[in-house]
$ cat work.tsv   # TSV, C-alpha atoms
chain	number	residue	atom	x	y	z
F	1	MET	CA	-17.35	-18.84	-12.55
F	2	LYS	CA	-19.23	-18.91	-9.23
F	3	THR	CA	-22.75	-18.42	-7.98
F	4	GLY	CA	-22.47	-17.76	-4.27
F	5	ASN	CA	-20.18	-20.53	-3.03
F	6	ARG	CA	-21.01	-22.89	-5.91
F	7	VAL	CA	-18.57	-23.28	-8.79
F	8	CYS	CA	-20.40	-23.36	-12.14
F	9	THR	CA	-17.43	-23.41	-14.52
F	10	PRO	CA	-17.88	-26.03	-17.25
F	11	THR	CA	-15.24	-28.74	-17.51
F	12	ALA	CA	-15.26	-29.24	-21.29
F	13	PRO	CA	-12.40	-27.06	-22.68
F	14	ARG	CA	-14.27	-25.63	-25.67
F	15	VAL	CA	-17.47	-24.96	-23.73
F	16	ARG	CA	-15.32	-23.11	-21.18
F	17	GLN	CA	-13.65	-21.21	-24.02
F	18	ILE	CA	-17.00	-20.07	-25.42
F	19	LEU	CA	-18.20	-19.03	-21.96
F	20	ALA	CA	-15.02	-17.01	-21.43
F	21	LEU	CA	-15.51	-15.13	-24.71
F	22	LEU	CA	-19.17	-14.45	-23.95
F	23	LEU	CA	-18.21	-13.14	-20.50
F	24	MET	CA	-15.47	-10.93	-21.93
F	25	ARG	CA	-18.14	-9.36	-24.15
F	26	ALA	CA	-21.02	-9.56	-21.70
F	27	ASN	CA	-24.23	-7.77	-22.75
F	28	GLN	CA	-22.86	-7.42	-26.29
F	29	VAL	CA	-23.73	-9.49	-29.34
F	30	VAL	CA	-21.02	-12.04	-30.09
F	31	PRO	CA	-21.35	-13.02	-33.76
F	32	LEU	CA	-21.19	-16.71	-34.60
F	33	ASP	CA	-18.20	-15.99	-36.86
F	34	LEU	CA	-16.18	-14.78	-33.85
F	35	LEU	CA	-16.97	-17.95	-31.93
F	36	LEU	CA	-15.86	-20.04	-34.89
F	37	GLU	CA	-12.63	-18.05	-35.18
F	38	GLU	CA	-11.92	-18.37	-31.46
F	39	LEU	CA	-12.34	-22.13	-31.48
F	40	TRP	CA	-10.78	-23.08	-34.83
F	41	ASN	CA	-9.00	-19.99	-36.22
F	42	ASP	CA	-9.28	-20.11	-40.02
F	43	ALA	CA	-9.98	-23.83	-40.33
F	44	PRO	CA	-13.38	-24.68	-38.80
F	45	PRO	CA	-14.69	-28.19	-39.53
F	46	LYS	CA	-17.80	-28.71	-41.62
F	47	THR	CA	-19.77	-29.41	-38.46
F	48	ALA	CA	-18.54	-26.23	-36.70
F	49	VAL	CA	-21.87	-24.38	-36.63
F	50	THR	CA	-23.75	-27.39	-35.28
F	51	THR	CA	-20.99	-28.01	-32.72
F	52	VAL	CA	-21.17	-24.41	-31.45
F	53	GLN	CA	-24.94	-24.69	-31.16
F	54	THR	CA	-24.46	-27.81	-29.05
F	55	TYR	CA	-21.98	-25.97	-26.82
F	56	ILE	CA	-24.43	-23.09	-26.38
F	57	TYR	CA	-27.18	-25.54	-25.45
F	58	ARG	CA	-24.90	-27.10	-22.83
F	59	LEU	CA	-24.15	-23.67	-21.39
F	60	ARG	CA	-27.82	-22.79	-21.19
F	61	THR	CA	-28.94	-26.02	-19.54
F	62	ASN	CA	-26.01	-26.87	-17.28
F	63	VAL	CA	-24.41	-23.58	-16.27
F	64	LEU	CA	-26.12	-20.30	-17.03
F	65	GLN	CA	-29.60	-21.17	-15.79
F	66	LYS	CA	-28.00	-21.39	-12.34
F	67	SER	CA	-26.14	-18.08	-12.41
F	68	LEU	CA	-25.66	-14.50	-13.58
F	69	GLY	CA	-28.87	-14.00	-15.51
F	70	ALA	CA	-30.91	-10.84	-15.06
F	71	SER	CA	-34.25	-11.52	-13.44
F	72	GLY	CA	-37.01	-12.18	-15.95
F	73	GLN	CA	-34.68	-12.33	-18.94
F	74	ALA	CA	-33.29	-15.16	-21.02
F	75	THR	CA	-29.65	-15.38	-19.98
F	76	LEU	CA	-28.17	-16.41	-23.32
F	77	PRO	CA	-30.63	-15.66	-26.11
F	78	THR	CA	-29.94	-16.20	-29.78
F	79	VAL	CA	-29.88	-12.96	-31.75
F	80	ALA	CA	-29.24	-12.23	-35.39
F	81	HIS	CA	-26.10	-14.14	-36.40
F	82	GLY	CA	-24.92	-14.67	-32.84
F	83	TYR	CA	-25.54	-14.71	-29.10
F	84	VAL	CA	-25.58	-12.25	-26.23
F	85	LEU	CA	-24.82	-13.18	-22.62
F	86	ARG	CA	-26.90	-11.01	-20.32
F	87	VAL	CA	-25.17	-10.26	-17.03
F	88	GLU	CA	-26.43	-8.17	-14.14
F	89	PRO	CA	-24.38	-5.09	-13.13
F	90	GLY	CA	-21.61	-5.95	-10.68
F	91	ALA	CA	-21.72	-9.68	-11.40
F	92	LEU	CA	-18.28	-9.71	-13.05
F	93	ASP	CA	-15.05	-9.06	-11.17
F	94	ALA	CA	-13.68	-7.33	-14.28
F	95	ASP	CA	-16.42	-4.70	-14.10
F	96	VAL	CA	-15.90	-4.15	-10.37
F	97	PHE	CA	-12.17	-3.81	-11.01
F	98	GLN	CA	-12.69	-1.17	-13.70
F	99	ARG	CA	-15.04	0.79	-11.42
F	100	LEU	CA	-12.54	0.77	-8.57
F	101	VAL	CA	-9.68	1.82	-10.86
F	102	LEU	CA	-11.72	4.73	-12.21
F	103	GLN	CA	-12.55	5.73	-8.65
F	104	GLY	CA	-8.89	5.51	-7.66
F	105	ARG	CA	-7.75	7.56	-10.64
F	106	THR	CA	-10.29	10.26	-9.79
F	107	HIS	CA	-9.09	10.41	-6.18
F	108	LEU	CA	-5.49	10.60	-7.37
F	109	GLU	CA	-6.22	13.51	-9.70
F	110	GLN	CA	-7.95	15.29	-6.81
F	111	GLY	CA	-4.95	14.80	-4.54
F	112	ARG	CA	-6.79	12.38	-2.24
F	113	PHE	CA	-3.91	9.94	-2.15
F	114	ALA	CA	-5.05	7.74	0.75
F	115	ASP	CA	-8.48	7.24	-0.85
F	116	ALA	CA	-6.82	6.55	-4.20
F	117	ALA	CA	-4.50	3.93	-2.74
F	118	ARG	CA	-7.40	2.27	-0.93
F	119	SER	CA	-9.61	2.02	-4.02
F	120	LEU	CA	-6.80	0.81	-6.26
F	121	ARG	CA	-5.65	-1.77	-3.72
F	122	CYS	CA	-9.21	-3.12	-3.46
F	123	GLY	CA	-9.34	-3.43	-7.24
F	124	LEU	CA	-5.99	-5.19	-7.46
F	125	ASP	CA	-7.01	-7.57	-4.65
F	126	LEU	CA	-9.63	-9.02	-7.02
F	127	TRP	CA	-6.82	-10.56	-9.06
F	128	GLY	CA	-5.97	-14.12	-8.09
F	129	GLY	CA	-3.47	-14.75	-10.88
F	130	PRO	CA	-3.21	-14.45	-14.68
F	131	PRO	CA	-6.57	-13.81	-16.38
F	132	LEU	CA	-8.29	-16.86	-17.87
F	133	ALA	CA	-5.44	-19.08	-16.71
F	134	ASN	CA	-7.61	-22.20	-16.93
F	135	VAL	CA	-9.02	-21.45	-20.37
F	136	ARG	CA	-7.58	-22.23	-23.79
F	137	HIS	CA	-6.90	-18.99	-25.70
F	138	GLY	CA	-7.80	-18.50	-29.32
F	139	SER	CA	-7.11	-15.23	-31.11
F	140	MET	CA	-10.11	-13.42	-29.60
F	141	LEU	CA	-9.42	-14.40	-26.00
F	142	GLN	CA	-5.71	-13.75	-26.38
F	143	ALA	CA	-6.49	-10.13	-27.29
F	144	HIS	CA	-8.78	-9.81	-24.25
F	145	VAL	CA	-6.13	-11.29	-21.95
F	146	ALA	CA	-3.53	-8.82	-23.23
F	147	LEU	CA	-5.94	-5.94	-22.57
F	148	LEU	CA	-6.69	-7.16	-19.04
F	149	GLU	CA	-2.98	-7.48	-18.27
F	150	GLU	CA	-2.41	-3.91	-19.45
F	151	ASP	CA	-5.31	-2.69	-17.32
F	152	ARG	CA	-3.86	-4.45	-14.28
F	153	LEU	CA	-0.41	-2.95	-14.84
F	154	ARG	CA	-1.93	0.49	-15.26
F	155	ALA	CA	-3.84	0.12	-11.99
F	156	LEU	CA	-0.66	-1.01	-10.28
F	157	GLU	CA	1.18	2.07	-11.56
F	158	LEU	CA	-1.59	4.31	-10.26
F	159	ARG	CA	-1.45	2.64	-6.85
F	160	ILE	CA	2.34	3.06	-6.75
F	161	SER	CA	1.89	6.76	-7.57
F	162	ALA	CA	-0.58	7.10	-4.70
F	163	ASP	CA	1.68	5.28	-2.22
F	164	LEU	CA	4.72	7.34	-3.16
F	165	ALA	CA	2.67	10.52	-2.86
F	166	LEU	CA	1.84	9.38	0.67
F	167	GLY	CA	5.57	9.22	1.46
F	168	LEU	CA	5.81	5.42	1.55
F	169	HIS	CA	9.05	5.40	-0.42
F	170	ARG	CA	10.96	3.13	1.98
F	171	GLU	CA	8.09	0.65	2.07
F	172	MET	CA	7.92	0.58	-1.74
F	173	ILE	CA	11.54	-0.28	-2.50
F	174	GLY	CA	11.20	-4.06	-2.27
F	175	GLU	CA	8.07	-4.16	-4.40
F	176	LEU	CA	9.60	-1.86	-7.01
F	177	ARG	CA	12.74	-3.99	-7.25
F	178	SER	CA	10.53	-7.01	-7.91
F	179	LEU	CA	8.48	-5.14	-10.49
F	180	VAL	CA	11.45	-3.87	-12.51
F	181	SER	CA	12.75	-7.43	-12.56
F	182	ALA	CA	9.41	-8.67	-13.91
F	183	HIS	CA	9.03	-5.72	-16.35
F	184	PRO	CA	12.62	-4.78	-17.27
F	185	LEU	CA	11.63	-2.54	-20.22
F	186	ASN	CA	9.05	-0.53	-18.26
F	187	GLU	CA	11.02	2.68	-17.77
F	188	TRP	CA	8.35	4.24	-15.59
F	189	LEU	CA	8.79	1.52	-12.97
F	190	HIS	CA	12.57	2.00	-13.02
F	191	ASN	CA	12.03	5.72	-12.50
F	192	GLN	CA	9.86	5.08	-9.44
F	193	LEU	CA	12.54	2.82	-7.98
F	194	ILE	CA	15.13	5.55	-8.50
F	195	THR	CA	12.76	8.04	-6.87
F	196	ALA	CA	12.01	5.77	-3.89
F	197	LEU	CA	15.70	5.03	-3.27
F	198	GLY	CA	16.60	8.70	-3.59
F	199	ARG	CA	13.86	9.76	-1.19
F	200	ALA	CA	15.08	7.16	1.30
F	201	GLY	CA	18.55	8.69	1.22
F	202	ARG	CA	20.03	5.63	-0.52
F	203	ARG	CA	21.88	7.64	-3.17
F	204	SER	CA	24.36	4.99	-4.32
F	205	GLU	CA	21.56	2.47	-4.83
F	206	ALA	CA	19.47	5.05	-6.67
F	207	LEU	CA	22.39	5.79	-9.01
F	208	GLN	CA	22.95	2.05	-9.51
F	209	ALA	CA	19.26	1.66	-10.37
F	210	TYR	CA	19.72	4.32	-13.04
F	211	GLN	CA	22.77	2.52	-14.42
F	212	ASN	CA	20.84	-0.75	-14.48
F	213	LEU	CA	18.08	0.93	-16.49
F	214	ARG	CA	20.61	2.43	-18.87
F	215	ALA	CA	22.30	-0.95	-19.43
F	216	ILE	CA	18.98	-2.74	-20.07
F	217	LEU	CA	17.76	-0.16	-22.58
F	218	LYS	CA	21.11	-0.11	-24.36
F	219	ARG	CA	21.33	-3.90	-24.54
F	220	GLU	CA	17.72	-4.65	-25.48
F	221	LEU	CA	16.70	-1.62	-27.56
F	222	GLY	CA	19.83	0.33	-28.37
F	223	LEU	CA	18.34	3.36	-26.59
F	224	GLU	CA	19.42	5.78	-23.89
F	225	PRO	CA	17.17	6.53	-20.88
F	226	SER	CA	14.53	9.21	-21.32
F	227	ALA	CA	14.94	12.80	-20.25
F	228	GLU	CA	12.81	12.00	-17.18
F	229	ALA	CA	15.22	9.29	-16.03
F	230	GLU	CA	18.20	11.55	-16.64
F	231	ARG	CA	16.52	14.29	-14.61
F	232	LEU	CA	15.99	11.88	-11.74
F	233	GLN	CA	19.66	10.89	-11.88
F	234	ALA	CA	20.66	14.56	-11.74
F	235	GLU	CA	18.35	15.11	-8.75
F	236	VAL	CA	19.98	12.23	-6.89
F	237	LEU	CA	23.48	13.50	-7.72
F	238	SER	CA	22.59	16.96	-6.43
F	239	ALA	CA	21.05	15.68	-3.18
F	240	ASN	CA	23.04	16.66	-0.11
F	241	GLY	CA	23.01	13.16	1.41
F	242	HIS	CA	21.25	14.23	4.62
F	243	GLY	CA	18.63	11.51	4.66
F	244	ASP	CA	15.15	11.60	3.12
F	245	ARG	CA	14.59	13.92	0.18
F	246	ALA	CA	10.97	15.02	0.13
F	247	ASP	CA	11.70	17.35	-2.79
F	248	LEU	CA	12.54	14.62	-5.30
F	249	PRO	CA	9.75	14.78	-7.92
F	250	LEU	CA	7.01	12.22	-8.22
F	251	SER	CA	5.81	10.99	-11.60
F	252	ILE	CA	2.10	10.20	-11.63
F	253	ARG	CA	0.88	8.37	-14.69

$ encode --input "work.tsv" --output "structure tokens"
Amino acid sequence: MKTGNRVCTPTAPRVRQILALLLMRANQVVPLDLLLEELWNDAPPKTAVTTVQTYIYRLRTNVLQKSLGASGQATLPTVAHGYVLRVEPGALDADVFQRLVLQGRTHLEQGRFADAARSLRCGLDLWGGPPLANVRHGSMLQAHVALLEEDRLRALELRISADLALGLHREMIGELRSLVSAHPLNEWLHNQLITALGRAGRRSEALQAYQNLRAILKRELGLEPSAEAERLQAEVLSANGHGDRADLPLSIR
């Protein structure tokens, strides 16, 4: 966590863990029971409540009084059976990311592909690595991390849709190859690779990409590719081989 150029992240692992959970649920009441579950699962020590109160005190005095708080308000007040971390609008990268993704999705639906790609790329640029990589994950934070990862992948898919709609199929091939390697069971990504290769006139590679998808699904899940993937294969087979194919369909999620 930063305030300007000053890093305010606490060093104690469990204090950092509590701060992460409060930030993930900023401006919402976080019940004491959830904090206890995050730190100790189903086996909190007898001193757990007192220990959490000590951690909250350390956050208030050493970290939060220097950052994030809304003017004129207590940053981390105690409320009934819990705490609420008050954060000003736009203070969290996660909120800025969600706003940019919503903006990008709106542009995409309106057919403003360049604007969509720009907004989505700005949102994705906020990511510096896995979420909460330097924080221990209990059950609550693990659920939040999974949600953030899904949101990031969704934004990436939207940006790919925008770039392909802009005709950047050749430029996308390398990235799509990397993505299908990282997410081998994501059929949508495989389909975009098939589309990009087909649009670039690389028919044999597009057909091989389809066969790779088919082999992965068969081996891992015992399934055949979807009707969409089969349709893309048929489109590639029917292409006349005369270079770029602007009529291959795009799939926008």

$ closest_residue --input "work.tsv" --among "F:Ala143, F:Leu168, F:Ala234, F:Ala80" --to "Met24 in chain F" --atoms "only C-alpha atoms"
F:Ala143

$ closest_residue --input "work.tsv" --among "F:Ala162, F:Ala206, F:Ala200, F:Leu36" --to "Thr106 in chain F" --atoms "all atoms listed in the file"
F:Ala162

$ residues_around --input "work.tsv" --residues "Gln28 in chain F" --least-positions-apart "4" --cutoff "12 Å" --atoms "only C-alpha atoms" --output "list in words"
Leu21, Leu22, Leu23, Met24, Leu76, Pro77, Thr78, Val79, Gly82, Tyr83, Val84, Leu85, Arg86 and Val87 of chain F

$ closest_residue --input "work.tsv" --among "F:His137, F:His107, F:Arg58, F:Lys218" --to "Glu37 in chain F" --atoms "all atoms listed in the file"
F:His137

$ closest_residue --input "work.tsv" --among "F:Leu223, F:Leu232, F:Val135, F:Ala91" --to "Leu207 in chain F" --atoms "all atoms listed in the file"
F:Leu232

$ closest_residue --input "work.tsv" --among "F:Leu193, F:Ser238, F:Pro45, F:Arg60" --to "Arg170 in chain F" --atoms "all atoms listed in the file"
F:Leu193

$ decode --input "work.tsv" --residues "range 152-181 of chain F" --atoms "N, CA, C and O atoms" --output "PDB file, in the first residue's frame"
ATOM      1  N   ARG F 152      -9.478 -10.257 -14.096  1.00  0.00           N
ATOM      2  CA  ARG F 152      -8.360  -9.917 -14.974  1.00  0.00           C
ATOM      3  C   ARG F 152      -8.433 -10.690 -16.289  1.00  0.00           C
ATOM      4  O   ARG F 152      -8.244 -10.129 -17.369  1.00  0.00           O
ATOM      5  N   LEU F 153      -8.738 -11.987 -16.197  1.00  0.00           N
ATOM      6  CA  LEU F 153      -8.845 -12.794 -17.411  1.00  0.00           C
ATOM      7  C   LEU F 153      -9.987 -12.300 -18.288  1.00  0.00           C
ATOM      8  O   LEU F 153      -9.857 -12.236 -19.519  1.00  0.00           O
ATOM      9  N   ARG F 154     -11.072 -11.926 -17.675  1.00  0.00           N
ATOM     10  CA  ARG F 154     -12.215 -11.404 -18.433  1.00  0.00           C
ATOM     11  C   ARG F 154     -11.836 -10.117 -19.152  1.00  0.00           C
ATOM     12  O   ARG F 154     -12.178  -9.915 -20.328  1.00  0.00           O
ATOM     13  N   ALA F 155     -11.119  -9.229 -18.469  1.00  0.00           N
ATOM     14  CA  ALA F 155     -10.678  -7.983 -19.098  1.00  0.00           C
ATOM     15  C   ALA F 155      -9.728  -8.263 -20.251  1.00  0.00           C
ATOM     16  O   ALA F 155      -9.775  -7.605 -21.290  1.00  0.00           O
ATOM     17  N   LEU F 156      -8.864  -9.260 -20.060  1.00  0.00           N
ATOM     18  CA  LEU F 156      -7.934  -9.630 -21.124  1.00  0.00           C
ATOM     19  C   LEU F 156      -8.686 -10.154 -22.344  1.00  0.00           C
ATOM     20  O   LEU F 156      -8.357  -9.824 -23.495  1.00  0.00           O
ATOM     21  N   GLU F 157      -9.723 -10.953 -22.117  1.00  0.00           N
ATOM     22  CA  GLU F 157     -10.528 -11.460 -23.226  1.00  0.00           C
ATOM     23  C   GLU F 157     -11.227 -10.326 -23.969  1.00  0.00           C
ATOM     24  O   GLU F 157     -11.303 -10.328 -25.202  1.00  0.00           O
ATOM     25  N   LEU F 158     -11.729  -9.351 -23.224  1.00  0.00           N
ATOM     26  CA  LEU F 158     -12.370  -8.208 -23.866  1.00  0.00           C
ATOM     27  C   LEU F 158     -11.370  -7.415 -24.704  1.00  0.00           C
ATOM     28  O   LEU F 158     -11.681  -6.961 -25.814  1.00  0.00           O
ATOM     29  N   ARG F 159     -10.156  -7.233 -24.166  1.00  0.00           N
ATOM     30  CA  ARG F 159      -9.139  -6.499 -24.924  1.00  0.00           C
ATOM     31  C   ARG F 159      -8.723  -7.250 -26.184  1.00  0.00           C
ATOM     32  O   ARG F 159      -8.514  -6.652 -27.244  1.00  0.00           O
ATOM     33  N   ILE F 160      -8.640  -8.577 -26.089  1.00  0.00           N
ATOM     34  CA  ILE F 160      -8.327  -9.384 -27.273  1.00  0.00           C
ATOM     35  C   ILE F 160      -9.438  -9.230 -28.314  1.00  0.00           C
ATOM     36  O   ILE F 160      -9.165  -9.092 -29.510  1.00  0.00           O
ATOM     37  N   SER F 161     -10.682  -9.243 -27.871  1.00  0.00           N
ATOM     38  CA  SER F 161     -11.803  -9.051 -28.794  1.00  0.00           C
ATOM     39  C   SER F 161     -11.693  -7.715 -29.510  1.00  0.00           C
ATOM     40  O   SER F 161     -11.915  -7.623 -30.731  1.00  0.00           O
ATOM     41  N   ALA F 162     -11.343  -6.667 -28.756  1.00  0.00           N
ATOM     42  CA  ALA F 162     -11.208  -5.339 -29.358  1.00  0.00           C
ATOM     43  C   ALA F 162     -10.064  -5.309 -30.367  1.00  0.00           C
ATOM     44  O   ALA F 162     -10.203  -4.775 -31.471  1.00  0.00           O
ATOM     45  N   ASP F 163      -8.925  -5.892 -30.017  1.00  0.00           N
ATOM     46  CA  ASP F 163      -7.769  -5.878 -30.917  1.00  0.00           C
ATOM     47  C   ASP F 163      -8.036  -6.674 -32.189  1.00  0.00           C
ATOM     48  O   ASP F 163      -7.647  -6.267 -33.290  1.00  0.00           O
ATOM     49  N   LEU F 164      -8.697  -7.815 -32.056  1.00  0.00           N
ATOM     50  CA  LEU F 164      -9.025  -8.596 -33.248  1.00  0.00           C
ATOM     51  C   LEU F 164     -10.035  -7.861 -34.119  1.00  0.00           C
ATOM     52  O   LEU F 164      -9.972  -7.921 -35.352  1.00  0.00           O
ATOM     53  N   ALA F 165     -10.978  -7.170 -33.488  1.00  0.00           N
ATOM     54  CA  ALA F 165     -11.946  -6.392 -34.259  1.00  0.00           C
ATOM     55  C   ALA F 165     -11.263  -5.253 -35.016  1.00  0.00           C
ATOM     56  O   ALA F 165     -11.761  -4.801 -36.057  1.00  0.00           O
ATOM     57  N   LEU F 166     -10.119  -4.813 -34.505  1.00  0.00           N
ATOM     58  CA  LEU F 166      -9.347  -3.769 -35.183  1.00  0.00           C
ATOM     59  C   LEU F 166      -8.464  -4.328 -36.302  1.00  0.00           C
ATOM     60  O   LEU F 166      -7.765  -3.580 -36.972  1.00  0.00           O
ATOM     61  N   GLY F 167      -8.502  -5.660 -36.488  1.00  0.00           N
ATOM     62  CA  GLY F 167      -7.719  -6.274 -37.551  1.00  0.00           C
ATOM     63  C   GLY F 167      -6.286  -6.600 -37.168  1.00  0.00           C
ATOM     64  O   GLY F 167      -5.442  -6.838 -38.048  1.00  0.00           O
ATOM     65  N   LEU F 168      -5.991  -6.638 -35.871  1.00  0.00           N
ATOM     66  CA  LEU F 168      -4.616  -6.891 -35.424  1.00  0.00           C
ATOM     67  C   LEU F 168      -4.356  -8.385 -35.247  1.00  0.00           C
ATOM     68  O   LEU F 168      -3.699  -8.800 -34.282  1.00  0.00           O
ATOM     69  N   HIS F 169      -4.860  -9.192 -36.187  1.00  0.00           N
ATOM     70  CA  HIS F 169      -4.750 -10.640 -36.007  1.00  0.00           C
ATOM     71  C   HIS F 169      -3.308 -11.112 -36.076  1.00  0.00           C
ATOM     72  O   HIS F 169      -2.902 -11.990 -35.316  1.00  0.00           O
ATOM     73  N   ARG F 170      -2.514 -10.589 -36.979  1.00  0.00           N
ATOM     74  CA  ARG F 170      -1.103 -11.001 -37.057  1.00  0.00           C
ATOM     75  C   ARG F 170      -0.363 -10.655 -35.769  1.00  0.00           C
ATOM     76  O   ARG F 170       0.424 -11.448 -35.249  1.00  0.00           O
ATOM     77  N   GLU F 171      -0.617  -9.438 -35.265  1.00  0.00           N
ATOM     78  CA  GLU F 171       0.067  -8.988 -34.055  1.00  0.00           C
ATOM     79  C   GLU F 171      -0.328  -9.800 -32.822  1.00  0.00           C
ATOM     80  O   GLU F 171       0.428  -9.856 -31.851  1.00  0.00           O
ATOM     81  N   MET F 172      -1.508 -10.435 -32.859  1.00  0.00           N
ATOM     82  CA  MET F 172      -2.024 -11.137 -31.691  1.00  0.00           C
ATOM     83  C   MET F 172      -1.570 -12.592 -31.594  1.00  0.00           C
ATOM     84  O   MET F 172      -1.736 -13.219 -30.559  1.00  0.00           O
ATOM     85  N   ILE F 173      -1.003 -13.129 -32.639  1.00  0.00           N
ATOM     86  CA  ILE F 173      -0.720 -14.570 -32.671  1.00  0.00           C
ATOM     87  C   ILE F 173       0.225 -14.992 -31.552  1.00  0.00           C
ATOM     88  O   ILE F 173      -0.028 -15.976 -30.842  1.00  0.00           O
ATOM     89  N   GLY F 174       1.318 -14.267 -31.366  1.00  0.00           N
ATOM     90  CA  GLY F 174       2.276 -14.637 -30.330  1.00  0.00           C
ATOM     91  C   GLY F 174       1.666 -14.609 -28.943  1.00  0.00           C
ATOM     92  O   GLY F 174       1.861 -15.538 -28.139  1.00  0.00           O
ATOM     93  N   GLU F 175       0.924 -13.548 -28.641  1.00  0.00           N
ATOM     94  CA  GLU F 175       0.281 -13.440 -27.335  1.00  0.00           C
ATOM     95  C   GLU F 175      -0.727 -14.563 -27.129  1.00  0.00           C
ATOM     96  O   GLU F 175      -0.798 -15.157 -26.047  1.00  0.00           O
ATOM     97  N   LEU F 176      -1.511 -14.867 -28.168  1.00  0.00           N
ATOM     98  CA  LEU F 176      -2.519 -15.916 -28.032  1.00  0.00           C
ATOM     99  C   LEU F 176      -1.879 -17.282 -27.845  1.00  0.00           C
ATOM    100  O   LEU F 176      -2.386 -18.111 -27.077  1.00  0.00           O
ATOM    101  N   ARG F 177      -0.776 -17.537 -28.509  1.00  0.00           N
ATOM    102  CA  ARG F 177      -0.073 -18.817 -28.284  1.00  0.00           C
ATOM    103  C   ARG F 177       0.357 -18.938 -26.823  1.00  0.00           C
ATOM    104  O   ARG F 177       0.242 -20.004 -26.214  1.00  0.00           O
ATOM    105  N   SER F 178       0.879 -17.841 -26.280  1.00  0.00           N
ATOM    106  CA  SER F 178       1.303 -17.843 -24.878  1.00  0.00           C
ATOM    107  C   SER F 178       0.120 -18.055 -23.939  1.00  0.00           C
ATOM    108  O   SER F 178       0.210 -18.800 -22.957  1.00  0.00           O
ATOM    109  N   LEU F 179      -1.001 -17.415 -24.262  1.00  0.00           N
ATOM    110  CA  LEU F 179      -2.176 -17.523 -23.393  1.00  0.00           C
ATOM    111  C   LEU F 179      -2.784 -18.920 -23.406  1.00  0.00           C
ATOM    112  O   LEU F 179      -3.212 -19.432 -22.363  1.00  0.00           O
ATOM    113  N   VAL F 180      -2.852 -19.577 -24.558  1.00  0.00           N
ATOM    114  CA  VAL F 180      -3.421 -20.920 -24.583  1.00  0.00           C
ATOM    115  C   VAL F 180      -2.497 -21.903 -23.873  1.00  0.00           C
ATOM    116  O   VAL F 180      -2.952 -22.914 -23.328  1.00  0.00           O
ATOM    117  N   SER F 181      -1.209 -21.598 -23.859  1.00  0.00           N
ATOM    118  CA  SER F 181      -0.287 -22.429 -23.096  1.00  0.00           C
ATOM    119  C   SER F 181      -0.514 -22.254 -21.601  1.00  0.00           C
ATOM    120  O   SER F 181      -0.459 -23.228 -20.835  1.00  0.00           O
TER     121      SER F 181
END
